[in-house]
$ cat protein-v3.pdb   # PDB, C-alpha atoms
ATOM      1  CA  MET A   8      42.605 -17.350 -26.532  1.00  0.00           C
ATOM      2  CA  LYS A   9      40.562 -18.446 -23.524  1.00  0.00           C
ATOM      3  CA  VAL A  10      37.965 -16.054 -22.157  1.00  0.00           C
ATOM      4  CA  ILE A  11      35.202 -16.131 -19.532  1.00  0.00           C
ATOM      5  CA  LEU A  12      31.908 -14.619 -20.658  1.00  0.00           C
ATOM      6  CA  LYS A  13      30.449 -11.920 -18.409  1.00  0.00           C
ATOM      7  CA  GLN A  14      27.029 -12.100 -20.076  1.00  0.00           C
ATOM      8  CA  ASP A  15      25.129 -14.223 -22.591  1.00  0.00           C
ATOM      9  CA  ILE A  16      26.373 -13.849 -26.159  1.00  0.00           C
ATOM     10  CA  LYS A  17      24.067 -15.205 -28.845  1.00  0.00           C
ATOM     11  CA  GLY A  18      25.873 -17.857 -30.856  1.00  0.00           C
ATOM     12  CA  SER A  19      28.836 -18.034 -28.484  1.00  0.00           C
ATOM     13  CA  GLY A  20      27.699 -19.036 -25.006  1.00  0.00           C
ATOM     14  CA  LYS A  21      26.123 -18.144 -21.715  1.00  0.00           C
ATOM     15  CA  LYS A  22      27.379 -16.064 -18.810  1.00  0.00           C
ATOM     16  CA  GLY A  23      30.159 -17.883 -16.947  1.00  0.00           C
ATOM     17  CA  ASP A  24      31.158 -20.130 -19.863  1.00  0.00           C
ATOM     18  CA  ILE A  25      34.854 -20.548 -20.568  1.00  0.00           C
ATOM     19  CA  LEU A  26      35.444 -20.331 -24.316  1.00  0.00           C
ATOM     20  CA  ASP A  27      38.432 -20.827 -26.557  1.00  0.00           C
ATOM     21  CA  VAL A  28      37.974 -18.201 -29.302  1.00  0.00           C
ATOM     22  CA  ASN A  29      40.082 -16.555 -32.007  1.00  0.00           C
ATOM     23  CA  ASP A  30      42.430 -13.831 -30.797  1.00  0.00           C
ATOM     24  CA  GLY A  31      40.874 -11.163 -33.032  1.00  0.00           C
ATOM     25  CA  TYR A  32      37.318 -11.959 -31.914  1.00  0.00           C
ATOM     26  CA  ALA A  33      38.400 -11.885 -28.275  1.00  0.00           C
ATOM     27  CA  LYS A  34      40.436  -8.654 -28.467  1.00  0.00           C
ATOM     28  CA  ASN A  35      38.302  -6.668 -30.904  1.00  0.00           C
ATOM     29  CA  PHE A  36      34.830  -7.651 -29.726  1.00  0.00           C
ATOM     30  CA  LEU A  37      34.503  -9.588 -26.487  1.00  0.00           C
ATOM     31  CA  LEU A  38      37.162  -7.843 -24.403  1.00  0.00           C
ATOM     32  CA  LYS A  39      36.732  -4.403 -25.991  1.00  0.00           C
ATOM     33  CA  LYS A  40      32.957  -4.324 -25.365  1.00  0.00           C
ATOM     34  CA  GLY A  41      33.334  -5.789 -21.864  1.00  0.00           C
ATOM     35  CA  PHE A  42      31.446  -8.991 -22.701  1.00  0.00           C
ATOM     36  CA  ALA A  43      34.280 -11.203 -21.462  1.00  0.00           C
ATOM     37  CA  GLU A  44      37.489 -11.274 -19.462  1.00  0.00           C
ATOM     38  CA  LEU A  45      40.713 -13.206 -19.942  1.00  0.00           C
ATOM     39  CA  ALA A  46      40.564 -16.691 -18.458  1.00  0.00           C
ATOM     40  CA  SER A  47      43.515 -16.444 -16.097  1.00  0.00           C
ATOM     41  CA  SER A  48      43.932 -19.067 -13.394  1.00  0.00           C
ATOM     42  CA  SER A  49      42.673 -16.672 -10.708  1.00  0.00           C
ATOM     43  CA  ALA A  50      39.604 -15.744 -12.788  1.00  0.00           C
ATOM     44  CA  ILE A  51      38.814 -19.443 -13.386  1.00  0.00           C
ATOM     45  CA  ASN A  52      39.246 -20.184  -9.685  1.00  0.00           C
ATOM     46  CA  GLU A  53      36.965 -17.295  -8.753  1.00  0.00           C
ATOM     47  CA  LEU A  54      34.342 -18.517 -11.246  1.00  0.00           C
ATOM     48  CA  GLU A  55      34.480 -22.029  -9.768  1.00  0.00           C
ATOM     49  CA  MET A  56      34.033 -20.643  -6.247  1.00  0.00           C
ATOM     50  CA  LYS A  57      31.008 -18.587  -7.346  1.00  0.00           C
ATOM     51  CA  ASN A  58      29.485 -21.637  -9.051  1.00  0.00           C
ATOM     52  CA  ASN A  59      30.060 -23.794  -5.966  1.00  0.00           C
ATOM     53  CA  ALA A  60      28.435 -21.178  -3.716  1.00  0.00           C
ATOM     54  CA  LYS A  61      25.501 -20.829  -6.107  1.00  0.00           C
ATOM     55  CA  ASN A  62      24.999 -24.606  -6.230  1.00  0.00           C
ATOM     56  CA  TYR A  63      25.203 -24.838  -2.436  1.00  0.00           C
ATOM     57  CA  HIS A  64      22.592 -22.113  -1.928  1.00  0.00           C
ATOM     58  CA  ARG A  65      20.306 -23.699  -4.524  1.00  0.00           C
ATOM     59  CA  ALA A  66      20.607 -27.081  -2.758  1.00  0.00           C
ATOM     60  CA  GLU A  67      19.753 -25.459   0.592  1.00  0.00           C
ATOM     61  CA  GLU A  68      16.745 -23.749  -0.966  1.00  0.00           C
ATOM     62  CA  ILE A  69      15.538 -27.072  -2.413  1.00  0.00           C
ATOM     63  CA  LYS A  70      15.940 -28.695   1.026  1.00  0.00           C
ATOM     64  CA  GLN A  71      13.785 -26.001   2.627  1.00  0.00           C
ATOM     65  CA  ILE A  72      11.113 -26.237  -0.067  1.00  0.00           C
ATOM     66  CA  THR A  73      11.037 -30.037   0.209  1.00  0.00           C
ATOM     67  CA  ALA A  74      10.698 -29.821   3.997  1.00  0.00           C
ATOM     68  CA  LEU A  75       7.791 -27.376   3.602  1.00  0.00           C
ATOM     69  CA  ALA A  76       6.137 -29.676   1.063  1.00  0.00           C
ATOM     70  CA  ASN A  77       6.465 -32.635   3.438  1.00  0.00           C
ATOM     71  CA  ARG A  78       4.910 -30.627   6.290  1.00  0.00           C
ATOM     72  CA  VAL A  79       2.043 -29.370   4.105  1.00  0.00           C
ATOM     73  CA  ASN A  80       1.362 -32.771   2.507  1.00  0.00           C
ATOM     74  CA  GLY A  81      -1.814 -34.351   3.902  1.00  0.00           C
ATOM     75  CA  THR A  82      -3.034 -31.183   5.602  1.00  0.00           C
ATOM     76  CA  ILE A  83      -6.794 -30.824   5.886  1.00  0.00           C
ATOM     77  CA  ILE A  84      -8.264 -27.330   5.807  1.00  0.00           C
ATOM     78  CA  GLU A  85     -11.886 -26.279   6.156  1.00  0.00           C
ATOM     79  CA  VAL A  86     -13.207 -23.387   4.137  1.00  0.00           C
ATOM     80  CA  PRO A  87     -16.754 -22.128   4.807  1.00  0.00           C
ATOM     81  CA  ILE A  88     -19.008 -21.036   1.957  1.00  0.00           C
ATOM     82  CA  LYS A  89     -22.404 -19.332   2.096  1.00  0.00           C
ATOM     83  CA  LEU A  90     -25.384 -21.405   0.992  1.00  0.00           C
ATOM     84  CA  GLY A  91     -28.763 -20.244  -0.269  1.00  0.00           C
ATOM     85  CA  GLU A  92     -32.150 -21.771   0.450  1.00  0.00           C
ATOM     86  CA  ASN A  93     -31.898 -24.633  -2.044  1.00  0.00           C
ATOM     87  CA  GLY A  94     -28.341 -25.558  -1.077  1.00  0.00           C
ATOM     88  CA  LYS A  95     -26.957 -23.409  -3.879  1.00  0.00           C
ATOM     89  CA  THR A  96     -23.636 -21.758  -3.078  1.00  0.00           C
ATOM     90  CA  PHE A  97     -22.896 -18.059  -3.240  1.00  0.00           C
ATOM     91  CA  GLY A  98     -19.479 -17.538  -4.778  1.00  0.00           C
ATOM     92  CA  SER A  99     -16.665 -20.063  -4.880  1.00  0.00           C
ATOM     93  CA  ILE A 100     -13.423 -21.030  -3.174  1.00  0.00           C
ATOM     94  CA  THR A 101     -10.316 -19.877  -5.038  1.00  0.00           C
ATOM     95  CA  SER A 102      -6.621 -20.527  -4.596  1.00  0.00           C
ATOM     96  CA  LYS A 103      -6.335 -17.176  -2.803  1.00  0.00           C
ATOM     97  CA  GLU A 104      -8.665 -18.350  -0.021  1.00  0.00           C
ATOM     98  CA  ILE A 105      -6.864 -21.695   0.226  1.00  0.00           C
ATOM     99  CA  ALA A 106      -3.513 -19.883   0.509  1.00  0.00           C
ATOM    100  CA  SER A 107      -5.001 -17.658   3.214  1.00  0.00           C
ATOM    101  CA  LYS A 108      -6.156 -20.704   5.231  1.00  0.00           C
ATOM    102  CA  LEU A 109      -2.701 -22.272   4.841  1.00  0.00           C
ATOM    103  CA  GLN A 110      -1.175 -18.987   6.024  1.00  0.00           C
ATOM    104  CA  ASP A 111      -3.365 -19.212   9.144  1.00  0.00           C
ATOM    105  CA  LEU A 112      -1.770 -22.626   9.786  1.00  0.00           C
ATOM    106  CA  SER A 113       1.670 -20.952   9.373  1.00  0.00           C
ATOM    107  CA  PHE A 114       2.414 -22.491   5.965  1.00  0.00           C
ATOM    108  CA  ASN A 115       3.735 -19.814   3.639  1.00  0.00           C
ATOM    109  CA  VAL A 116       2.401 -20.969   0.258  1.00  0.00           C
ATOM    110  CA  ASP A 117       1.989 -18.677  -2.740  1.00  0.00           C
ATOM    111  CA  LYS A 118      -1.479 -18.803  -4.316  1.00  0.00           C
ATOM    112  CA  LYS A 119       0.112 -19.311  -7.749  1.00  0.00           C
ATOM    113  CA  LYS A 120       1.540 -22.644  -6.568  1.00  0.00           C
ATOM    114  CA  ILE A 121      -1.936 -24.045  -5.782  1.00  0.00           C
ATOM    115  CA  LEU A 122      -3.231 -25.955  -8.784  1.00  0.00           C
ATOM    116  CA  LEU A 123      -6.983 -25.562  -9.203  1.00  0.00           C
ATOM    117  CA  LYS A 124      -8.520 -26.340 -12.567  1.00  0.00           C
ATOM    118  CA  GLU A 125     -11.559 -24.302 -11.582  1.00  0.00           C
ATOM    119  CA  PRO A 126     -12.813 -22.663  -8.385  1.00  0.00           C
ATOM    120  CA  LEU A 127     -14.549 -24.963  -5.880  1.00  0.00           C
ATOM    121  CA  LYS A 128     -18.288 -24.245  -6.036  1.00  0.00           C
ATOM    122  CA  PHE A 129     -19.892 -27.139  -4.151  1.00  0.00           C
ATOM    123  CA  VAL A 130     -19.848 -28.428  -0.576  1.00  0.00           C
ATOM    124  CA  GLY A 131     -17.582 -31.464  -0.179  1.00  0.00           C
ATOM    125  CA  ASP A 132     -14.005 -32.701   0.069  1.00  0.00           C
ATOM    126  CA  TYR A 133     -11.481 -31.912  -2.646  1.00  0.00           C
ATOM    127  CA  LYS A 134      -7.898 -33.071  -3.172  1.00  0.00           C
ATOM    128  CA  VAL A 135      -5.798 -30.105  -4.235  1.00  0.00           C
ATOM    129  CA  GLN A 136      -2.240 -30.262  -5.577  1.00  0.00           C
ATOM    130  CA  ILE A 137       0.408 -27.705  -4.614  1.00  0.00           C
ATOM    131  CA  ARG A 138       3.423 -27.510  -6.933  1.00  0.00           C
ATOM    132  CA  PHE A 139       6.308 -25.867  -5.105  1.00  0.00           C
ATOM    133  CA  ILE A 140       9.022 -26.439  -7.704  1.00  0.00           C
ATOM    134  CA  GLU A 141       9.590 -29.022 -10.394  1.00  0.00           C
ATOM    135  CA  ASN A 142       9.232 -32.549  -8.946  1.00  0.00           C
ATOM    136  CA  VAL A 143       8.207 -31.252  -5.495  1.00  0.00           C
ATOM    137  CA  HIS A 144       4.455 -31.552  -4.941  1.00  0.00           C
ATOM    138  CA  ALA A 145       2.115 -31.792  -1.983  1.00  0.00           C
ATOM    139  CA  THR A 146      -1.533 -32.804  -1.794  1.00  0.00           C
ATOM    140  CA  ILE A 147      -3.932 -31.251   0.676  1.00  0.00           C
ATOM    141  CA  THR A 148      -7.603 -31.882   1.377  1.00  0.00           C
ATOM    142  CA  VAL A 149      -9.917 -28.888   1.204  1.00  0.00           C
ATOM    143  CA  LYS A 150     -13.224 -29.390   2.977  1.00  0.00           C
ATOM    144  CA  VAL A 151     -15.791 -26.950   1.694  1.00  0.00           C
ATOM    145  CA  ILE A 152     -18.415 -26.656   4.422  1.00  0.00           C
ATOM    146  CA  ALA A 153     -21.685 -24.756   4.703  1.00  0.00           C
ATOM    147  CA  GLN A 154     -21.501 -21.559   6.692  1.00  0.00           C
TER     148      GLN A 154
END
$ encode --input "protein-v3.pdb" --output "structure tokens"
Amino acid sequence: MKVILKQDIKGSGKKGDILDVNDGYAKNFLLKKGFAELASSSAINELEMKNNAKNYHRAEEIKQITALANRVNGTIIEVPIKLGENGKTFGSITSKEIASKLQDLSFNVDKKKILLKEPLKFVGDYKVQIRFIENVHATITVKVIAQ
């Protein structure tokens, strides 16, 4: 008997999978508990339409993220930091401050996407990676300047 899973079933499959299972397993467990539905032609067609729509929306989202990454790539931002008498800095520049400066330039970038190994504590230029999604990166230059 062919069924379409409505949710993930450990050992059987994931939500949306079309399975060919024993009649007893389908009737007494999957269908009875509401974990699956019969794989009629209309149900299969509806599943294919949902998958196509989901893939289309995911592709559009990837296009938008890639366009944002291309616009952000190569951007130079200046972040002031307070200096003491001997040129020693007070505090450090974190990903939150970098995200705030990018927001001022109308780039909506989440601070969790900015890859900093450690906060920037010295005056100078730094190359900073931004990882939007897998395989979509941008590099910006952060100029830490004395205030």
$ resolve_selection --input "protein-v3.pdb" --expression "the PyMOL selection byres ((chain A and resi 36-51) around 12)" --output "PyMOL selection string"
chain A and resi 8-17+19-35+52-58
$ axis_aligned_box --input "protein-v3.pdb" --around "range 48-66 of chain A" --padding-each-side "6 Å" --output "AutoDock Vina command-line options"
--center_x 32.1 --center_y -21.4 --center_z -7.7 --size_x 35.6 --size_y 23.3 --size_z 23.5
$ resolve_selection --input "protein-v3.pdb" --expression "the PyMOL selection byres ((chain A and resi 91-100) around 8)" --output "list in words"
Val86, Ile88, Lys89, Leu90, Thr101, Ser102, Glu104, Ile105, Pro126, Leu127, Lys128 and Phe129 of chain A
$ atom_distance --input "protein-v3.pdb" --atom1 "CA of Gln71 in chain A" --atom2 "CA of Ser107 in chain A"
20.6 Å
$ atom_distance --input "protein-v3.pdb" --atom1 "CA of Lys118 in chain A" --atom2 "CA of Lys61 in chain A"
27.1 Å
$ residues_around --input "protein-v3.pdb" --residues "Ile121 in chain A" --least-positions-apart "3" --cutoff "9 Å" --atoms "all atoms listed in the file" --output "JSON, numbers by chain"
{"A": [102, 103, 105, 106, 116, 117, 118, 135, 136, 137, 138, 139]}
$ atom_distance --input "protein-v3.pdb" --atom1 "CA of Val149 in chain A" --atom2 "CA of Leu109 in chain A"
10.4 Å
$ closest_residue --input "protein-v3.pdb" --among "A:Ile84, A:Ile72, A:His144, A:Asn62" --to "Gln110 in chain A" --atoms "all atoms listed in the file"
A:Ile84
$ residues_around --input "protein-v3.pdb" --residues "Val130 in chain A" --least-positions-apart "3" --cutoff "8 Å" --atoms "only C-alpha atoms" --output "PDB file with C-alpha atoms, in the frame of the given file"
ATOM      1  CA  ILE A  88     -19.008 -21.036   1.957  1.00  0.00           C
ATOM      2  CA  LYS A 150     -13.224 -29.390   2.977  1.00  0.00           C
ATOM      3  CA  VAL A 151     -15.791 -26.950   1.694  1.00  0.00           C
ATOM      4  CA  ILE A 152     -18.415 -26.656   4.422  1.00  0.00           C
ATOM      5  CA  ALA A 153     -21.685 -24.756   4.703  1.00  0.00           C
TER       6      ALA A 153
END
$ resolve_selection --input "protein-v3.pdb" --expression "the PyMOL selection byres ((chain A and resi 75) around 10)" --output "list in words"
Ile69, Lys70, Gln71, Ile72, Thr73, Ala74, Ala76, Asn77, Arg78, Val79, Asn80, Phe114, Asn115, Val116, Phe139, Val143 and Ala145 of chain A
$ decode --input "protein-v3.pdb" --residues "range 45-70 of chain A" --atoms "N, CA and C atoms" --output "PDB file, in the first residue's frame"
ATOM      1  N   LEU A  45      -3.393   8.034   2.458  1.00  0.00           N
ATOM      2  CA  LEU A  45      -3.282   7.199   1.258  1.00  0.00           C
ATOM      3  C   LEU A  45      -2.715   8.012   0.106  1.00  0.00           C
ATOM      4  N   ALA A  46      -1.867   7.378  -0.679  1.00  0.00           N
ATOM      5  CA  ALA A  46      -1.206   8.070  -1.792  1.00  0.00           C
ATOM      6  C   ALA A  46      -2.078   7.963  -3.041  1.00  0.00           C
ATOM      7  N   SER A  47      -3.176   8.697  -3.040  1.00  0.00           N
ATOM      8  CA  SER A  47      -4.019   8.742  -4.237  1.00  0.00           C
ATOM      9  C   SER A  47      -3.371   9.690  -5.238  1.00  0.00           C
ATOM     10  N   SER A  48      -3.841   9.668  -6.454  1.00  0.00           N
ATOM     11  CA  SER A  48      -3.243  10.521  -7.491  1.00  0.00           C
ATOM     12  C   SER A  48      -3.406  12.004  -7.149  1.00  0.00           C
ATOM     13  N   SER A  49      -4.530  12.385  -6.570  1.00  0.00           N
ATOM     14  CA  SER A  49      -4.727  13.787  -6.201  1.00  0.00           C
ATOM     15  C   SER A  49      -3.805  14.186  -5.040  1.00  0.00           C
ATOM     16  N   ALA A  50      -3.598  13.282  -4.088  1.00  0.00           N
ATOM     17  CA  ALA A  50      -2.707  13.579  -2.964  1.00  0.00           C
ATOM     18  C   ALA A  50      -1.261  13.698  -3.452  1.00  0.00           C
ATOM     19  N   ILE A  51      -0.849  12.850  -4.379  1.00  0.00           N
ATOM     20  CA  ILE A  51       0.508  12.921  -4.938  1.00  0.00           C
ATOM     21  C   ILE A  51       0.683  14.209  -5.720  1.00  0.00           C
ATOM     22  N   ASN A  52      -0.327  14.582  -6.491  1.00  0.00           N
ATOM     23  CA  ASN A  52      -0.270  15.820  -7.267  1.00  0.00           C
ATOM     24  C   ASN A  52      -0.180  17.033  -6.340  1.00  0.00           C
ATOM     25  N   GLU A  53      -0.963  17.028  -5.283  1.00  0.00           N
ATOM     26  CA  GLU A  53      -0.924  18.122  -4.319  1.00  0.00           C
ATOM     27  C   GLU A  53       0.447  18.215  -3.640  1.00  0.00           C
ATOM     28  N   LEU A  54       1.038  17.076  -3.307  1.00  0.00           N
ATOM     29  CA  LEU A  54       2.362  17.042  -2.701  1.00  0.00           C
ATOM     30  C   LEU A  54       3.423  17.611  -3.652  1.00  0.00           C
ATOM     31  N   GLU A  55       3.321  17.244  -4.934  1.00  0.00           N
ATOM     32  CA  GLU A  55       4.261  17.767  -5.928  1.00  0.00           C
ATOM     33  C   GLU A  55       4.123  19.281  -6.074  1.00  0.00           C
ATOM     34  N   MET A  56       2.902  19.785  -6.056  1.00  0.00           N
ATOM     35  CA  MET A  56       2.686  21.228  -6.163  1.00  0.00           C
ATOM     36  C   MET A  56       3.263  21.959  -4.951  1.00  0.00           C
ATOM     37  N   LYS A  57       3.084  21.400  -3.758  1.00  0.00           N
ATOM     38  CA  LYS A  57       3.648  22.007  -2.550  1.00  0.00           C
ATOM     39  C   LYS A  57       5.171  22.016  -2.623  1.00  0.00           C
ATOM     40  N   ASN A  58       5.756  20.909  -3.081  1.00  0.00           N
ATOM     41  CA  ASN A  58       7.216  20.830  -3.188  1.00  0.00           C
ATOM     42  C   ASN A  58       7.749  21.827  -4.221  1.00  0.00           C
ATOM     43  N   ASN A  59       7.050  21.966  -5.338  1.00  0.00           N
ATOM     44  CA  ASN A  59       7.467  22.929  -6.355  1.00  0.00           C
ATOM     45  C   ASN A  59       7.404  24.361  -5.820  1.00  0.00           C
ATOM     46  N   ALA A  60       6.336  24.686  -5.093  1.00  0.00           N
ATOM     47  CA  ALA A  60       6.199  26.022  -4.520  1.00  0.00           C
ATOM     48  C   ALA A  60       7.291  26.272  -3.486  1.00  0.00           C
ATOM     49  N   LYS A  61       7.560  25.268  -2.662  1.00  0.00           N
ATOM     50  CA  LYS A  61       8.603  25.399  -1.643  1.00  0.00           C
ATOM     51  C   LYS A  61       9.973  25.606  -2.293  1.00  0.00           C
ATOM     52  N   ASN A  62      10.271  24.854  -3.330  1.00  0.00           N
ATOM     53  CA  ASN A  62      11.547  25.004  -4.033  1.00  0.00           C
ATOM     54  C   ASN A  62      11.657  26.371  -4.697  1.00  0.00           C
ATOM     55  N   TYR A  63      10.555  26.849  -5.260  1.00  0.00           N
ATOM     56  CA  TYR A  63      10.554  28.165  -5.908  1.00  0.00           C
ATOM     57  C   TYR A  63      10.837  29.260  -4.886  1.00  0.00           C
ATOM     58  N   HIS A  64      10.156  29.215  -3.748  1.00  0.00           N
ATOM     59  CA  HIS A  64      10.350  30.234  -2.718  1.00  0.00           C
ATOM     60  C   HIS A  64      11.767  30.179  -2.142  1.00  0.00           C
ATOM     61  N   ARG A  65      12.305  28.992  -1.998  1.00  0.00           N
ATOM     62  CA  ARG A  65      13.682  28.853  -1.506  1.00  0.00           C
ATOM     63  C   ARG A  65      14.662  29.444  -2.521  1.00  0.00           C
ATOM     64  N   ALA A  66      14.435  29.209  -3.804  1.00  0.00           N
ATOM     65  CA  ALA A  66      15.305  29.767  -4.849  1.00  0.00           C
ATOM     66  C   ALA A  66      15.234  31.293  -4.859  1.00  0.00           C
ATOM     67  N   GLU A  67      14.041  31.853  -4.678  1.00  0.00           N
ATOM     68  CA  GLU A  67      13.892  33.307  -4.618  1.00  0.00           C
ATOM     69  C   GLU A  67      14.611  33.882  -3.404  1.00  0.00           C
ATOM     70  N   GLU A  68      14.513  33.186  -2.284  1.00  0.00           N
ATOM     71  CA  GLU A  68      15.200  33.633  -1.070  1.00  0.00           C
ATOM     72  C   GLU A  68      16.720  33.614  -1.272  1.00  0.00           C
ATOM     73  N   ILE A  69      17.227  32.579  -1.913  1.00  0.00           N
ATOM     74  CA  ILE A  69      18.669  32.489  -2.187  1.00  0.00           C
ATOM     75  C   ILE A  69      19.098  33.604  -3.127  1.00  0.00           C
ATOM     76  N   LYS A  70      18.265  33.941  -4.118  1.00  0.00           N
ATOM     77  CA  LYS A  70      18.581  35.053  -5.023  1.00  0.00           C
ATOM     78  C   LYS A  70      18.711  36.363  -4.255  1.00  0.00           C
TER      79      LYS A  70
END
